[in-house]
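What follows is a single structure, written as structure tokens, with notes after it.
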Amino acid sequence: MERPEGDVPAADLPSIIELSPDEVRRSRSDALTSAGVVRKADKLLEVRGLKTQFFTADGIIQAVDDVSFDVDYGETLGLVGESGCGKSVTALSIARLVPDPPGKIVAGQILFDGIDVLSLSNEAMRKLRGKEIGFIFQDPLTSLNPTLTIGYQIGESIREHMGLSEKAARDRIVELLAKVGIPRPADRLKDYPHQFSGGMRQRVMIAIALSCDPKLLLADEPTTALDVTIQAQILELIQTLSSEFGTAVLLITHDLGIAAGMCHRVNVMYAGRIVETATVDDMFENPRMPYAWGLLDSLPRIDDIRGAKLRTIEGMPPLLISPPDACRFGPRCRYVRDVCREDEPELTVRAGEGHLARCWATEPGGWIS
Amino acid sequence: MATNATVLEGRLAKPKQSAGLWSDAFGRLRKNRLAILGLVLVILLLSAGLFGPIVAPWDYKVQDLQAIFANGNRPLPPFSPGHLFGTDSLGRDLLSRMLDGARISVTVAFVVQIVILGIGVPIGALAGWFGGRLDNALMRFVDVIYAFPDLLFIILLSVAFRETAFGQALDGLFLVFVAIGLVSWVTVARLVRGQILALKETEFVEAARAIGVSDRRIVVRHLLPNGISPIIVAVTLGIPSAILAEATLAFIGVGVQPPRASWGSLIADGEKYVRGDPHLVLFPAVAIALALIGFTFLGDGLRDALDPKLKGKQ
């Protein structure tokens, strides 16, 4: 995995082996082969023009507005942005878990492993969830049912999707618990969630998410509810297991430090749209969108002067009820000009592999070079 | 990770098995004196219902005519030889009749709750889980039943079916079960709906959906066990209302057919003699009161024990 130089915040990253992009690609395809992942399509996940809206009393909230991206087999893609910019709704849309009502996917196409997810019947979708698409939620404390044992909850997905015998299912549960680093797994099957610490519960959640060998893992801020030392362990666990199983990961986070440590590519989302997409190297060395600079700049650094104020991006993300036809970041942007207020920029090509950004100022001929 | 785990494994003793919800709740219940009093009364009532007719000194329908004649054709007073609670005007042993009545009360108490749960839980769960129009339709139906006078409905039903085979089944008791059940399920339905509504927004439900658990399984395995405490409390507190409803029906002559008698019909029979022989009314009335107190205390205690957060807030 590559680790960007220079601007990278040094704090709290899991230990990472330095690799060149080519080595990464090779090691990924090796991992896929050894994990037995079969490519059925060009990309594992193709999201095209996804629009998810919430119909509320105040108006239609355009939570995800024309979002397109790909996730390759075995790739870890970061989805980064502030709260309320549509990251979680994007992930929920992929698994078709957007609460309806009030939410609805109104347009777009989601191809998962060659399957058109949005045209599946509810029953077929249910069979895909958990089996092919795993989901890790933000808060392990509330994502486990307090009245059911850990063993039952891990087994639920296995029994639902894999059709194993009781004995084989039990063996698999114990194996999974051991894999996620729970001591004495066989003794803990009959324990209830309250008998586990927060970090241990997140490990259980990971075991549940990976229980059927999914091809895609949607991790929605998997470490936000955990303290920093546990964060690092959990991230390392997700990284190790996803490469062992050849699982692609869509990692949602607001912490660019985590994205830097974990991801191959990063998408930055703002106000329901993708505003920049790049490899993790390009994103950190040469971000082409003022919002991305803001995010990078607001990370605390180890060499900050003690007592210095933390840097923030002034203002709040806009309400998504009737977004204007203008750059959505404009009102908070230091470099804003008239064109930004009159026309919304498109995602256009920048230097670097697959590097796109949505910004008038950094386009060729713009006023920032 | 694995090495850490093995090191830890060696050092840590196996964590003490947690007591779990039920024994925790029982521990709290045990500290509540009124609840224990209630539990004792309930156990007494249950054993009277189960074993009463076996230990009863007389058969409930046998008349001790000699004793009555000796007493000038009047009911025997309490503490008469052979009749601890005395007899009624026909010379039937009151204690034995009350023990048989206990069996009726216990049966009513539990069968009615089963009817209530059988109707209320599925309807409440359907309404809460699916919401929208189904919820609206079901809950308006519930409102209608709520608004209808209970007793009037039960009496109408009982009178309408009294002469049919359905009305005669189990000495007329079957009709009582159904009639009381049909008006009482609405409370449980509302309660279950509320529980499901509150719980279906929780993250563990979302997590269960995210691994592809079916709706039915989510409701049955994830939601109902989490919402069971208030249901248990409602059932425990619903038992005294059912006993009372049965007694009321029996008092006005609907329900169990003579010569069998429930506590309500004993009171109705004794009412004519209340001036000279108040014990004929007093003993069954006290029995009803004790049964109601028992279940009510136990129900209150269970509520506190099963939901410690609620305690002191009411």
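Residues in the structure tokens are numbered from 1 in each chain, the chains being A, B, ... in the order shown, and ligands are numbered from 1 in the order shown.
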
If DSSP is run on the backbone, what residues of region 195-358 of chain A are strand (DSSP E)? A reply as an mmCIF file with N, CA and C atoms, in the first residue's frame would be ideal.
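Contents of selection09.cif, as written:
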data_model
loop_
_atom_site.group_PDB
_atom_site.id
_atom_site.type_symbol
_atom_site.label_atom_id
_atom_site.label_comp_id
_atom_site.auth_asym_id
_atom_site.auth_seq_id
_atom_site.Cartn_x
_atom_site.Cartn_y
_atom_site.Cartn_z
ATOM 1 N N LEU A 216 -17.909 -7.329 -1.490
ATOM 2 C CA LEU A 216 -17.817 -5.896 -1.195
ATOM 3 C C LEU A 216 -18.175 -5.664 0.268
ATOM 4 N N LEU A 217 -17.363 -4.860 0.915
ATOM 5 C CA LEU A 217 -17.643 -4.505 2.297
ATOM 6 C C LEU A 217 -17.917 -3.005 2.344
ATOM 7 N N LEU A 218 -19.102 -2.647 2.825
ATOM 8 C CA LEU A 218 -19.416 -1.235 2.984
ATOM 9 C C LEU A 218 -19.151 -0.891 4.444
ATOM 10 N N ALA A 219 -18.130 -0.083 4.695
ATOM 11 C CA ALA A 219 -17.778 0.242 6.075
ATOM 12 C C ALA A 219 -18.109 1.706 6.313
ATOM 13 N N ASP A 220 -19.189 1.934 7.050
ATOM 14 C CA ASP A 220 -19.664 3.304 7.254
ATOM 15 C C ASP A 220 -19.093 3.838 8.560
ATOM 16 N N ALA A 248 -13.411 -6.211 -1.667
ATOM 17 C CA ALA A 248 -13.294 -4.774 -1.925
ATOM 18 C C ALA A 248 -13.968 -4.031 -0.785
ATOM 19 N N VAL A 249 -13.443 -2.858 -0.460
ATOM 20 C CA VAL A 249 -13.997 -2.114 0.659
ATOM 21 C C VAL A 249 -14.366 -0.709 0.196
ATOM 22 N N LEU A 250 -15.582 -0.299 0.539
ATOM 23 C CA LEU A 250 -15.938 1.111 0.380
ATOM 24 C C LEU A 250 -15.900 1.701 1.776
ATOM 25 N N LEU A 251 -14.850 2.481 2.042
ATOM 26 C CA LEU A 251 -14.632 2.975 3.393
ATOM 27 C C LEU A 251 -15.124 4.410 3.482
ATOM 28 N N ILE A 252 -16.130 4.601 4.314
ATOM 29 C CA ILE A 252 -16.669 5.946 4.492
ATOM 30 C C ILE A 252 -16.049 6.534 5.744
ATOM 31 N N THR A 253 -15.504 7.712 5.624
ATOM 32 C CA THR A 253 -14.879 8.316 6.784
ATOM 33 C C THR A 253 -14.847 9.816 6.600
ATOM 34 N N ARG A 265 -7.869 4.471 -3.623
ATOM 35 C CA ARG A 265 -8.388 5.694 -4.223
ATOM 36 C C ARG A 265 -9.263 6.401 -3.210
ATOM 37 N N VAL A 266 -9.447 7.705 -3.424
ATOM 38 C CA VAL A 266 -10.293 8.475 -2.529
ATOM 39 C C VAL A 266 -11.269 9.313 -3.357
ATOM 40 N N ASN A 267 -12.547 9.272 -2.971
ATOM 41 C CA ASN A 267 -13.539 10.188 -3.518
ATOM 42 C C ASN A 267 -13.876 11.191 -2.435
ATOM 43 N N VAL A 268 -13.835 12.476 -2.781
ATOM 44 C CA VAL A 268 -14.275 13.477 -1.823
ATOM 45 C C VAL A 268 -15.685 13.880 -2.195
ATOM 46 N N MET A 269 -16.582 13.813 -1.207
ATOM 47 C CA MET A 269 -17.974 14.203 -1.472
ATOM 48 C C MET A 269 -18.279 15.512 -0.785
ATOM 49 N N TYR A 270 -19.070 16.336 -1.443
ATOM 50 C CA TYR A 270 -19.543 17.557 -0.817
ATOM 51 C C TYR A 270 -20.959 17.846 -1.297
ATOM 52 N N ARG A 273 -22.526 15.590 -3.887
ATOM 53 C CA ARG A 273 -21.822 15.345 -5.138
ATOM 54 C C ARG A 273 -20.377 14.937 -4.875
ATOM 55 N N ILE A 274 -19.825 14.208 -5.833
ATOM 56 C CA ILE A 274 -18.399 13.949 -5.764
ATOM 57 C C ILE A 274 -17.694 15.183 -6.317
ATOM 58 N N VAL A 275 -16.776 15.748 -5.523
ATOM 59 C CA VAL A 275 -16.101 16.952 -5.992
ATOM 60 C C VAL A 275 -14.658 16.679 -6.405
ATOM 61 N N GLU A 276 -14.116 15.555 -5.952
ATOM 62 C CA GLU A 276 -12.775 15.220 -6.423
ATOM 63 C C GLU A 276 -12.568 13.730 -6.266
ATOM 64 N N THR A 277 -11.894 13.138 -7.248
ATOM 65 C CA THR A 277 -11.551 11.731 -7.116
ATOM 66 C C THR A 277 -10.129 11.549 -7.625
ATOM 67 N N ALA A 278 -9.339 10.800 -6.872
ATOM 68 C CA ALA A 278 -7.935 10.635 -7.239
ATOM 69 C C ALA A 278 -7.362 9.439 -6.500
ATOM 70 N N THR A 279 -6.206 8.979 -6.965
ATOM 71 C CA THR A 279 -5.501 7.978 -6.172
ATOM 72 C C THR A 279 -5.071 8.654 -4.883
ATOM 73 N N THR A 348 -13.877 17.420 -14.101
ATOM 74 C CA THR A 348 -13.024 17.387 -15.285
ATOM 75 C C THR A 348 -11.651 16.854 -14.920
ATOM 76 N N VAL A 349 -10.930 16.463 -15.959
ATOM 77 C CA VAL A 349 -9.675 15.741 -15.777
ATOM 78 C C VAL A 349 -8.576 16.661 -15.253
ATOM 79 N N LEU A 356 -9.949 13.461 -11.158
ATOM 80 C CA LEU A 356 -10.989 14.379 -11.608
ATOM 81 C C LEU A 356 -11.286 15.351 -10.481
ATOM 82 N N ALA A 357 -11.643 16.580 -10.863
ATOM 83 C CA ALA A 357 -12.057 17.533 -9.839
ATOM 84 C C ALA A 357 -13.142 18.425 -10.389
#

Show which residues sit within 6 Å of Gly301 (chain B), as a list in words. Count only C-alpha atoms, and ignore same-chain residues fewer than 3 positions away.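 Near neighbours after the sequence-gap exclusion: Ala35, Leu298 and Asp304 of chain B.
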
Given the selection you just returned, output its residues as a file containing C-alpha atoms, formatted as a short mmCIF file (atom, residue, chain, number, x, y, z; two decimals), in the first residue's frame.
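Result went into selection_26.cif, see below:
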data_model
loop_
_atom_site.label_atom_id
_atom_site.label_comp_id
_atom_site.auth_asym_id
_atom_site.auth_seq_id
_atom_site.Cartn_x
_atom_site.Cartn_y
_atom_site.Cartn_z
CA ALA B 35 -44.28 -8.29 44.75
CA LEU B 298 -46.87 -9.15 41.11
CA ASP B 304 -40.03 -2.58 38.13
#

Within 7 Å of chain B, which residues belong to chain A? Use only C-alpha atoms and report them as a PyMOL selection string. chain A and resi 126-127+129-130+134-135+142-145+147+157+160+181+183-184

Between CA of Gln53 (chain A) and CA of Ala41 (chain A) - distance in Å to one decimal: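 Going from CA of Ala41 (chain A) over to CA of Gln53 (chain A) covers 28.3 Å.
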
Counting only C-alpha atoms, which of B:Gln113, B:Thr248, B:Ser47, B:Ser96 gets nearest to Ile267 (chain B)?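 Checking each of B:Gln113, B:Thr248, B:Ser47, B:Ser96 against Ile267 (chain B), counting only C-alpha atoms, the winner is B:Thr248.
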
Gap from CA of Asp171 (chain A) to CA of Gln239 (chain A) - Å, one decimal: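 Value for the CA of Asp171 (chain A)-CA of Gln239 (chain A) distance: 23.5 Å.
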
Could you give me, as a list in words, the residues within 12 Å of Ser119 (chain A), counting only C-alpha atoms and dropping anything in the same chain fewer than 3 positions from it?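 So, after excluding close chain neighbours, the residues are Arg96, Ile105, Ala107, Gly108, Gln109, Ile110, Leu111, Phe112, Ile115, Asp116, Asn122, Glu123, Ala124 and Met125 of chain A.
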
As an NGL selection string, list the residues of region 139-282 of chain A assigned to alpha helix (DSSP H) by DSSP on the backbone atoms of this structure. :A and (140-143 or 150-162 or 166-179 or 185-188 or 198-209 or 228-245 or 256-262 or 280-282)
